[in-house]
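The file input.cif comes next; it holds mmCIF, C-alpha atoms.
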data_final
loop_
_atom_site.group_PDB
_atom_site.id
_atom_site.type_symbol
_atom_site.label_atom_id
_atom_site.label_comp_id
_atom_site.auth_asym_id
_atom_site.auth_seq_id
_atom_site.Cartn_x
_atom_site.Cartn_y
_atom_site.Cartn_z
ATOM 1 C CA MET A 1 -169.962 -62.764 130.749
ATOM 2 C CA THR A 2 -169.454 -60.903 127.495
ATOM 3 C CA GLY A 3 -169.802 -62.666 124.159
ATOM 4 C CA VAL A 4 -167.348 -63.162 121.303
ATOM 5 C CA LEU A 5 -167.039 -61.434 117.946
ATOM 6 C CA VAL A 6 -165.982 -63.886 115.233
ATOM 7 C CA LEU A 7 -164.649 -62.600 111.901
ATOM 8 C CA ALA A 8 -165.048 -65.325 109.301
ATOM 9 C CA GLY A 9 -163.444 -65.541 105.897
ATOM 10 C CA THR A 10 -165.790 -66.705 103.137
ATOM 11 C CA PRO A 11 -164.962 -68.193 99.706
ATOM 12 C CA ILE A 12 -163.843 -65.704 97.043
ATOM 13 C CA GLY A 13 -165.131 -68.000 94.319
ATOM 14 C CA ASP A 14 -165.158 -71.765 94.796
ATOM 15 C CA VAL A 15 -167.565 -72.621 97.630
ATOM 16 C CA SER A 16 -165.594 -75.762 98.457
ATOM 17 C CA ASP A 17 -162.820 -73.487 99.743
ATOM 18 C CA ALA A 18 -164.969 -72.682 102.785
ATOM 19 C CA PRO A 19 -163.160 -73.758 105.975
ATOM 20 C CA PRO A 20 -164.968 -76.370 108.119
ATOM 21 C CA ARG A 21 -165.090 -73.982 111.067
ATOM 22 C CA LEU A 22 -167.156 -71.560 108.982
ATOM 23 C CA VAL A 23 -169.913 -74.164 108.734
ATOM 24 C CA ASP A 24 -169.856 -74.674 112.507
ATOM 25 C CA GLU A 25 -169.979 -70.936 113.205
ATOM 26 C CA LEU A 26 -172.840 -70.382 110.755
ATOM 27 C CA ALA A 27 -174.827 -73.130 112.469
ATOM 28 C CA THR A 28 -174.236 -72.014 116.047
ATOM 29 C CA ALA A 29 -173.792 -68.218 116.134
ATOM 30 C CA ASP A 30 -176.385 -66.238 118.069
ATOM 31 C CA VAL A 31 -176.213 -63.399 115.556
ATOM 32 C CA ILE A 32 -174.860 -63.380 111.997
ATOM 33 C CA ALA A 33 -174.009 -59.946 110.612
ATOM 34 C CA ALA A 34 -173.756 -60.265 106.832
ATOM 35 C CA GLU A 35 -172.734 -57.722 104.205
ATOM 36 C CA ASP A 36 -175.469 -59.113 101.924
ATOM 37 C CA THR A 37 -178.105 -61.375 103.470
ATOM 38 C CA ARG A 38 -179.088 -62.760 100.042
ATOM 39 C CA ARG A 39 -175.536 -63.884 99.338
ATOM 40 C CA LEU A 40 -175.360 -65.362 102.821
ATOM 41 C CA ARG A 41 -178.487 -67.370 102.061
ATOM 42 C CA ARG A 42 -176.930 -68.738 98.877
ATOM 43 C CA LEU A 43 -173.736 -69.605 100.758
ATOM 44 C CA THR A 44 -175.528 -71.455 103.562
ATOM 45 C CA GLN A 45 -177.609 -73.394 101.024
ATOM 46 C CA ALA A 46 -174.464 -74.370 99.120
ATOM 47 C CA LEU A 47 -172.812 -75.504 102.359
ATOM 48 C CA GLY A 48 -175.920 -77.326 103.547
ATOM 49 C CA VAL A 49 -176.144 -75.448 106.824
ATOM 50 C CA THR A 50 -179.129 -73.788 108.512
ATOM 51 C CA PRO A 51 -178.296 -70.808 110.748
ATOM 52 C CA ALA A 52 -179.855 -71.075 114.172
ATOM 53 C CA GLY A 53 -179.244 -67.462 115.099
ATOM 54 C CA ARG A 54 -180.652 -64.110 114.021
ATOM 55 C CA VAL A 55 -179.397 -62.767 110.676
ATOM 56 C CA VAL A 56 -178.924 -59.014 110.216
ATOM 57 C CA SER A 57 -177.412 -56.927 107.451
ATOM 58 C CA TYR A 58 -174.142 -55.119 108.085
ATOM 59 C CA PHE A 59 -172.826 -53.133 105.128
ATOM 60 C CA GLU A 60 -171.275 -49.771 104.331
ATOM 61 C CA GLY A 61 -174.611 -47.970 104.443
ATOM 62 C CA ASN A 62 -175.634 -49.064 107.940
ATOM 63 C CA GLU A 63 -172.311 -49.790 109.695
ATOM 64 C CA VAL A 64 -172.439 -46.672 111.846
ATOM 65 C CA GLY A 65 -175.993 -47.248 113.061
ATOM 66 C CA ARG A 66 -175.811 -51.022 113.494
ATOM 67 C CA THR A 67 -172.450 -51.221 115.286
ATOM 68 C CA PRO A 68 -173.828 -50.135 118.719
ATOM 69 C CA GLU A 69 -176.617 -52.697 118.399
ATOM 70 C CA LEU A 70 -174.121 -55.510 117.766
ATOM 71 C CA VAL A 71 -171.843 -54.356 120.582
ATOM 72 C CA GLU A 72 -174.844 -54.420 122.924
ATOM 73 C CA ALA A 73 -175.509 -58.011 121.877
ATOM 74 C CA LEU A 74 -171.867 -58.883 122.514
ATOM 75 C CA LEU A 75 -171.967 -57.302 125.956
ATOM 76 C CA GLY A 76 -175.059 -59.387 126.630
ATOM 77 C CA GLY A 77 -173.121 -62.586 125.984
ATOM 78 C CA ALA A 78 -173.964 -63.240 122.328
ATOM 79 C CA ARG A 79 -171.622 -64.904 119.860
ATOM 80 C CA VAL A 80 -171.700 -62.611 116.831
ATOM 81 C CA LEU A 81 -170.423 -63.888 113.489
ATOM 82 C CA LEU A 82 -169.378 -61.279 110.907
ATOM 83 C CA VAL A 83 -169.163 -62.311 107.258
ATOM 84 C CA THR A 84 -168.792 -60.330 104.040
ATOM 85 C CA ASP A 85 -169.572 -61.186 100.435
ATOM 86 C CA ALA A 86 -166.146 -62.745 99.876
ATOM 87 C CA GLY A 87 -162.833 -62.933 101.691
ATOM 88 C CA MET A 88 -161.947 -61.565 105.089
ATOM 89 C CA PRO A 89 -164.062 -58.929 106.877
ATOM 90 C CA SER A 90 -162.391 -55.510 107.330
ATOM 91 C CA VAL A 91 -160.101 -55.935 104.281
ATOM 92 C CA SER A 92 -161.745 -53.374 101.971
ATOM 93 C CA ASP A 93 -165.030 -54.684 103.386
ATOM 94 C CA PRO A 94 -167.232 -53.832 106.397
ATOM 95 C CA GLY A 95 -165.840 -54.833 109.774
ATOM 96 C CA TYR A 96 -163.294 -52.317 111.023
ATOM 97 C CA ARG A 97 -165.816 -50.218 112.937
ATOM 98 C CA LEU A 98 -167.291 -53.231 114.702
ATOM 99 C CA VAL A 99 -163.887 -54.650 115.598
ATOM 100 C CA ALA A 100 -162.734 -51.276 116.985
ATOM 101 C CA ALA A 101 -165.946 -50.902 118.994
ATOM 102 C CA ALA A 102 -165.685 -54.459 120.358
ATOM 103 C CA VAL A 103 -162.076 -53.940 121.389
ATOM 104 C CA ALA A 104 -163.003 -50.655 123.088
ATOM 105 C CA ALA A 105 -165.740 -52.515 124.999
ATOM 106 C CA ASP A 106 -163.237 -55.182 126.077
ATOM 107 C CA VAL A 107 -165.021 -57.880 124.069
ATOM 108 C CA LYS A 108 -163.016 -60.834 122.772
ATOM 109 C CA VAL A 109 -162.457 -60.818 118.994
ATOM 110 C CA THR A 110 -161.338 -63.927 117.114
ATOM 111 C CA ALA A 111 -161.286 -65.109 113.508
ATOM 112 C CA VAL A 112 -161.979 -68.056 111.254
ATOM 113 C CA PRO A 113 -159.226 -67.775 108.615
ATOM 114 C CA GLY A 114 -160.349 -68.225 105.067
ATOM 115 C CA PRO A 115 -159.643 -67.457 101.413
ATOM 116 C CA SER A 116 -158.008 -64.126 100.616
ATOM 117 C CA ALA A 117 -157.942 -62.434 97.223
ATOM 118 C CA VAL A 118 -154.909 -60.399 98.335
ATOM 119 C CA LEU A 119 -152.733 -63.378 99.228
ATOM 120 C CA THR A 120 -154.007 -65.550 96.372
ATOM 121 C CA ALA A 121 -153.215 -62.891 93.755
ATOM 122 C CA LEU A 122 -149.856 -62.164 95.357
ATOM 123 C CA ALA A 123 -148.873 -65.834 95.241
ATOM 124 C CA LEU A 124 -149.998 -66.234 91.614
ATOM 125 C CA SER A 125 -148.424 -63.007 90.350
ATOM 126 C CA GLY A 126 -144.890 -64.314 89.991
ATOM 127 C CA LEU A 127 -143.623 -61.124 91.654
ATOM 128 C CA PRO A 128 -141.573 -60.894 94.885
ATOM 129 C CA VAL A 129 -143.694 -61.843 97.900
ATOM 130 C CA ASP A 130 -141.247 -61.468 100.787
ATOM 131 C CA ARG A 131 -142.505 -57.923 101.472
ATOM 132 C CA PHE A 132 -145.715 -56.329 100.196
ATOM 133 C CA THR A 133 -148.296 -53.628 100.860
ATOM 134 C CA PHE A 134 -152.060 -53.674 100.380
ATOM 135 C CA GLU A 135 -153.317 -50.440 98.808
ATOM 136 C CA GLY A 136 -157.022 -51.331 98.480
ATOM 137 C CA PHE A 137 -159.106 -49.440 95.914
ATOM 138 C CA LEU A 138 -157.644 -46.378 94.209
ATOM 139 C CA PRO A 139 -159.623 -43.093 94.284
ATOM 140 C CA ARG A 140 -162.249 -42.812 91.557
ATOM 141 C CA LYS A 141 -161.357 -39.263 90.509
ATOM 142 C CA SER A 142 -158.403 -39.098 88.130
ATOM 143 C CA GLY A 143 -156.636 -36.280 89.982
ATOM 144 C CA ASP A 144 -156.869 -37.992 93.373
ATOM 145 C CA ARG A 145 -155.807 -41.282 91.808
ATOM 146 C CA ALA A 146 -152.752 -39.700 90.163
ATOM 147 C CA ARG A 147 -151.692 -38.055 93.417
ATOM 148 C CA GLN A 148 -152.006 -41.283 95.380
ATOM 149 C CA LEU A 149 -150.019 -43.250 92.811
ATOM 150 C CA ALA A 150 -147.318 -40.561 92.732
ATOM 151 C CA SER A 151 -146.999 -40.823 96.510
ATOM 152 C CA ILE A 152 -146.151 -44.556 96.285
ATOM 153 C CA ALA A 153 -144.144 -44.551 93.037
ATOM 154 C CA ALA A 154 -140.916 -45.143 94.994
ATOM 155 C CA GLU A 155 -142.404 -47.884 97.226
ATOM 156 C CA PRO A 156 -139.883 -50.769 97.103
ATOM 157 C CA ARG A 157 -142.339 -53.473 98.222
ATOM 158 C CA THR A 158 -144.724 -55.335 95.942
ATOM 159 C CA MET A 159 -148.126 -53.587 95.932
ATOM 160 C CA VAL A 160 -151.600 -55.148 95.781
ATOM 161 C CA PHE A 161 -154.693 -53.239 94.625
ATOM 162 C CA PHE A 162 -158.392 -53.995 94.219
ATOM 163 C CA GLU A 163 -160.133 -52.474 91.208
ATOM 164 C CA ALA A 164 -163.569 -52.508 89.589
ATOM 165 C CA PRO A 165 -163.787 -53.935 86.048
ATOM 166 C CA HIS A 166 -165.168 -50.702 84.561
ATOM 167 C CA ARG A 167 -162.197 -48.733 85.950
ATOM 168 C CA ILE A 168 -159.356 -51.197 85.419
ATOM 169 C CA ALA A 169 -158.168 -49.758 82.078
ATOM 170 C CA GLU A 170 -157.996 -46.224 83.526
ATOM 171 C CA ALA A 171 -156.266 -47.479 86.660
ATOM 172 C CA LEU A 172 -153.601 -49.395 84.724
ATOM 173 C CA THR A 173 -152.992 -46.401 82.453
ATOM 174 C CA ALA A 174 -152.547 -44.183 85.511
ATOM 175 C CA MET A 175 -150.162 -46.732 87.038
ATOM 176 C CA ALA A 176 -148.107 -46.805 83.831
ATOM 177 C CA GLU A 177 -147.814 -43.015 83.978
ATOM 178 C CA ALA A 178 -146.860 -42.987 87.675
ATOM 179 C CA PHE A 179 -144.618 -46.072 87.825
ATOM 180 C CA GLY A 180 -143.374 -46.225 84.239
ATOM 181 C CA PRO A 181 -144.811 -48.489 81.503
ATOM 182 C CA GLN A 182 -142.157 -51.172 82.025
ATOM 183 C CA ARG A 183 -142.926 -51.848 85.711
ATOM 184 C CA PRO A 184 -143.836 -55.579 86.015
ATOM 185 C CA ALA A 185 -147.388 -56.321 87.123
ATOM 186 C CA ALA A 186 -150.139 -58.932 87.085
ATOM 187 C CA VAL A 187 -153.892 -58.584 86.682
ATOM 188 C CA CYS A 188 -155.719 -61.416 88.463
ATOM 189 C CA ARG A 189 -159.420 -61.811 87.799
ATOM 190 C CA GLU A 190 -162.128 -64.238 88.871
ATOM 191 C CA LEU A 191 -159.768 -66.000 91.265
ATOM 192 C CA THR A 192 -160.784 -69.599 92.068
ATOM 193 C CA LYS A 193 -163.763 -69.276 89.708
ATOM 194 C CA THR A 194 -164.451 -71.001 86.385
ATOM 195 C CA TYR A 195 -162.912 -68.249 84.253
ATOM 196 C CA GLU A 196 -159.918 -67.497 86.464
ATOM 197 C CA GLU A 197 -157.202 -65.614 84.581
ATOM 198 C CA VAL A 198 -153.833 -64.129 85.514
ATOM 199 C CA LYS A 199 -152.382 -61.733 82.953
ATOM 200 C CA ARG A 200 -148.725 -60.836 83.563
ATOM 201 C CA GLY A 201 -146.469 -58.276 81.912
ATOM 202 C CA PRO A 202 -145.318 -54.639 81.916
ATOM 203 C CA ILE A 203 -148.024 -52.246 83.137
ATOM 204 C CA GLY A 204 -148.097 -50.414 79.799
ATOM 205 C CA GLU A 205 -148.921 -53.632 77.947
ATOM 206 C CA LEU A 206 -151.540 -54.596 80.519
ATOM 207 C CA ALA A 207 -153.203 -51.196 80.122
ATOM 208 C CA THR A 208 -153.453 -51.764 76.355
ATOM 209 C CA TRP A 209 -154.877 -55.251 76.933
ATOM 210 C CA ALA A 210 -157.473 -53.929 79.399
ATOM 211 C CA ALA A 211 -158.664 -51.228 76.983
ATOM 212 C CA ASP A 212 -160.900 -53.805 75.266
ATOM 213 C CA GLY A 213 -162.716 -54.487 78.549
ATOM 214 C CA VAL A 214 -162.127 -56.824 81.472
ATOM 215 C CA LYS A 215 -164.861 -58.577 83.436
ATOM 216 C CA GLY A 216 -165.078 -60.032 86.912
ATOM 217 C CA GLU A 217 -163.545 -59.404 90.332
ATOM 218 C CA ILE A 218 -160.056 -57.950 89.828
ATOM 219 C CA THR A 219 -156.897 -57.796 91.928
ATOM 220 C CA VAL A 220 -153.791 -56.063 90.575
ATOM 221 C CA VAL A 221 -150.275 -56.847 91.786
ATOM 222 C CA VAL A 222 -147.453 -54.430 90.927
ATOM 223 C CA ALA A 223 -143.731 -54.870 91.497
ATOM 224 C CA GLY A 224 -142.069 -52.418 93.842
ATOM 225 C CA ALA A 225 -139.736 -49.699 92.608
ATOM 226 C CA PRO A 226 -136.269 -50.955 91.634
ATOM 227 C CA PRO A 227 -133.448 -49.972 93.992
ATOM 228 C CA ALA A 228 -131.908 -46.577 93.276
ATOM 229 C CA ALA A 229 -128.506 -46.488 91.638
ATOM 230 C CA PRO A 230 -125.684 -46.355 94.195
ATOM 231 C CA GLN A 231 -124.747 -42.802 95.058
ATOM 232 C CA GLU A 232 -121.259 -41.917 93.891
ATOM 233 C CA LEU A 233 -119.379 -40.018 96.583
ATOM 234 C CA THR A 234 -115.897 -38.531 96.489
ATOM 235 C CA PRO A 235 -113.258 -39.876 98.896
ATOM 236 C CA ALA A 236 -113.599 -36.655 100.908
ATOM 237 C CA GLU A 237 -117.379 -37.202 101.241
ATOM 238 C CA LEU A 238 -116.842 -40.813 102.323
ATOM 239 C CA ALA A 239 -114.312 -39.698 104.912
ATOM 240 C CA ARG A 240 -116.759 -37.096 106.191
ATOM 241 C CA LEU A 241 -119.459 -39.765 106.697
ATOM 242 C CA VAL A 242 -116.994 -41.803 108.740
ATOM 243 C CA ALA A 243 -115.984 -38.719 110.742
ATOM 244 C CA VAL A 244 -119.619 -37.984 111.586
ATOM 245 C CA ARG A 245 -119.990 -41.475 113.037
ATOM 246 C CA GLU A 246 -116.731 -41.128 114.955
ATOM 247 C CA GLU A 247 -117.926 -37.859 116.422
ATOM 248 C CA ALA A 248 -121.074 -39.704 117.573
ATOM 249 C CA GLY A 249 -118.925 -42.145 119.517
ATOM 250 C CA GLU A 250 -118.254 -45.011 117.103
ATOM 251 C CA ARG A 251 -114.757 -46.421 116.754
ATOM 252 C CA ARG A 252 -113.147 -45.733 113.393
ATOM 253 C CA LYS A 253 -113.172 -49.394 112.351
ATOM 254 C CA GLU A 254 -116.877 -49.690 113.151
ATOM 255 C CA ALA A 255 -117.665 -46.397 111.424
ATOM 256 C CA ILE A 256 -115.870 -47.488 108.251
ATOM 257 C CA ALA A 257 -117.743 -50.812 108.226
ATOM 258 C CA ALA A 258 -121.100 -49.099 108.792
ATOM 259 C CA VAL A 259 -120.578 -46.612 105.964
ATOM 260 C CA ALA A 260 -119.493 -49.422 103.641
ATOM 261 C CA VAL A 261 -122.671 -51.399 104.394
ATOM 262 C CA GLU A 262 -124.895 -48.331 104.080
ATOM 263 C CA LEU A 263 -123.531 -47.451 100.633
ATOM 264 C CA SER A 264 -122.926 -51.045 99.444
ATOM 265 C CA LEU A 265 -119.213 -50.334 99.002
ATOM 266 C CA PRO A 266 -116.130 -52.432 99.782
ATOM 267 C CA LYS A 267 -114.728 -51.591 103.220
ATOM 268 C CA ARG A 268 -111.302 -51.104 101.607
ATOM 269 C CA GLU A 269 -112.654 -48.271 99.471
ATOM 270 C CA VAL A 270 -113.999 -46.424 102.515
ATOM 271 C CA PHE A 271 -110.783 -47.100 104.455
ATOM 272 C CA ASP A 272 -108.646 -45.724 101.621
ATOM 273 C CA ALA A 273 -110.840 -42.615 101.508
ATOM 274 C CA VAL A 274 -110.259 -42.029 105.227
ATOM 275 C CA VAL A 275 -106.492 -42.509 104.836
ATOM 276 C CA ALA A 276 -106.423 -40.145 101.835
ATOM 277 C CA ALA A 277 -108.369 -37.492 103.723
ATOM 278 C CA LYS A 278 -106.035 -37.761 106.709
ATOM 279 C CA LYS A 279 -102.997 -37.517 104.444
ATOM 280 C CA GLU A 280 -104.378 -34.456 102.709
ATOM 281 C CA GLY A 281 -105.091 -32.838 106.057
ATOM 282 C CA LEU A 282 -101.499 -33.373 107.171
ATOM 283 C CA GLU A 283 -100.087 -32.031 103.929
ATOM 284 C CA ASN A 284 -102.139 -28.875 104.312
ATOM 285 C CA THR A 285 -100.911 -28.339 107.878
ATOM 286 C CA PRO A 286 -97.783 -26.113 108.095
ATOM 287 C CA GLY A 287 -94.749 -27.865 109.616
ATOM 288 C CA LYS A 288 -96.306 -31.355 109.292
ATOM 289 C CA ALA A 289 -95.898 -34.159 106.789
ATOM 290 C CA PRO A 290 -97.427 -37.631 106.410
ATOM 291 C CA GLY A 291 -95.937 -40.179 108.763
ATOM 292 C CA LYS A 292 -93.712 -37.630 110.576
ATOM 293 C CA SER A 293 -94.148 -36.287 114.063
ATOM 294 C CA PRO A 294 -93.529 -32.619 114.850
ATOM 295 C CA GLY A 295 -90.220 -33.654 116.393
ATOM 296 C CA GLY A 296 -89.032 -35.553 113.310
ATOM 297 C CA ALA A 297 -86.325 -34.441 110.891
ATOM 298 C CA ARG A 298 -88.657 -32.543 108.594
ATOM 299 C CA GLY A 299 -90.415 -30.994 111.579
ATOM 300 C CA LYS A 300 -87.154 -29.195 112.491
ATOM 301 C CA GLU A 301 -86.687 -27.625 109.080
#
Before we go any further, please render this structure as structure tokens.
Amino acid sequence: MTGVLVLAGTPIGDVSDAPPRLVDELATADVIAAEDTRRLRRLTQALGVTPAGRVVSYFEGNEVGRTPELVEALLGGARVLLVTDAGMPSVSDPGYRLVAAAVAADVKVTAVPGPSAVLTALALSGLPVDRFTFEGFLPRKSGDRARQLASIAAEPRTMVFFEAPHRIAEALTAMAEAFGPQRPAAVCRELTKTYEEVKRGPIGELATWAADGVKGEITVVVAGAPPAAPQELTPAELARLVAVREEAGERRKEAIAAVAVELSLPKREVFDAVVAAKKEGLENTPGKAPGKSPGGARGKE
């Protein structure tokens, strides 16, 4: 039988946030793949657990070479536990390659849920949380960073970023240029730690605040782009949108309702536009008049 790959979330600050299952997995796993074996040692000491299995390093520098070795262990029936320095493996941390390789080898992959800097910062930000995107770390080079930010400037969902303390001022300044200085945001640092701080405000103000230096692990949450102003269309343009739907097979009533919803307009306004367009079409047709059939009184004139 093949083994199991277990992805385990580890505390992002306060060790007491460690889930009970993490302690059990650390004590019983056949192999523990850790991003930093020294940090793992400190974590196990703090939790009072002694790993029974083999401990190996698994970080950005050796992921490619070590992944086949871990997959071989999994195929041999081992229970492999993957942990990173903080938070959930694979989320801007090592893990994706191993998960992909395990899935390709038809090995079961499960997880021990744990603390998440992304979700913690999102919840504390005070910004909309019903829809969001995780953007990870921005490019280090200013040109690449500017291009990436420009590509998501119109993103309507709340955005979450990771950033290094020595680059946070530059990143916030670039965000202010790409999103506008008044875009609401929050800088969350040292989450769940002694000096936890959440600084909220317009990005431009946060960039000025960060210019003096910011320390610690940082997560930035930025509000999505505000909805665009409703597009103002002439009655003829509204009627044309309805006609296009009718030509596609929709009934006129349904087409009018759909256009009204799409443009956030009252159905009456779209209906009146259709009636006006029809009236104008009749008036421009020789021998016809609104409300009269070709056989009517005016049709004989």
Hey, what's within 12 Å of Gly61 in chain A if we count only C-alpha atoms and toss same-chain stuff fewer than 6 positions away? As a CSV table (one decimal) with C-alpha atoms, in the coordinates of the input, please?
chain,number,residue,atom,x,y,z
A,35,GLU,CA,-172.7,-57.7,104.2
A,36,ASP,CA,-175.5,-59.1,101.9
A,67,THR,CA,-172.4,-51.2,115.3
A,93,ASP,CA,-165.0,-54.7,103.4
A,94,PRO,CA,-167.2,-53.8,106.4
Inset, instruction - Using the chain letters and residue numbers of this document, give as number ranges by chain the residues selected by the PyMOL selection byres ((chain A and resi 16-19) around 10). - result: A: 8-15, 20-24, 43, 46-47, 112-115, 192
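Using all atoms listed in the file, the shortest contact distance between Gly48 in chain A and any of A:Leu26, A:Lys267, A:Thr208, A:Ala153 is found at A:Leu26.
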Inset, instruction - Translate the PyMOL selection byres ((chain A and resi 254-265) around 10), as applied to the file shown, into an explicit residue set as number ranges by chain. - result: A: 230-233, 238-239, 241-253, 266-274
Legend entry - Using all atoms listed in the file: which of A:Ala150, A:Ala211, A:Val55, A:Ala101 has the shortest distance to Leu81 in chain A: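 Between A:Ala150, A:Ala211, A:Val55, A:Ala101, the residue approaching Leu81 in chain A most closely is A:Val55.
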Inset, instruction - Give as a ChimeraX atom specification every residue, naming chains and numbers as the document does, that has an atom within 10 Å of (-137.9, -50.0, 98.5), counting all atoms listed in the file. - result: /A:131,153-158,224-228
Inset, instruction - Just the residues within 7 Å of Ile218 in chain A, please, counting all atoms listed in the file, with nothing from its chain fewer than 3 positions along; format it as number ranges by chain. - result: A: 162-165, 187-190
What residues have an atom no more than 7 Å from (-149.8, -62.3, 84.0) in the file's own frame, counting all atoms listed in the file, and can you write them as a compact mmCIF listing (two decimals) with C-alpha atoms, in the frame of the given file?
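What landed in selection-v8.txt:
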# COMPACT_ATOMS: atom_id res chain seq x y z
CA SER A 125 -148.42 -63.01 90.35
CA ALA A 186 -150.14 -58.93 87.08
CA VAL A 187 -153.89 -58.58 86.68
CA VAL A 198 -153.83 -64.13 85.51
CA LYS A 199 -152.38 -61.73 82.95
CA ARG A 200 -148.72 -60.84 83.56
CA GLY A 201 -146.47 -58.28 81.91
Legend entry - Residue among A:Ile168, A:Leu191, A:Ala276, A:Ala176 lying closest to Val118 in chain A, counting all atoms listed in the file: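 Going through A:Ile168, A:Leu191, A:Ala276, A:Ala176 one by one, the smallest distance to Val118 in chain A is for A:Leu191.
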Legend entry - Nearest to Ala100 in chain A by atom-to-atom distance, counting only C-alpha atoms, from A:Leu5, A:Ala236, A:Val214, A:Thr44: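 Ranked by minimum distance to Ala100 in chain A, first place goes to A:Leu5.
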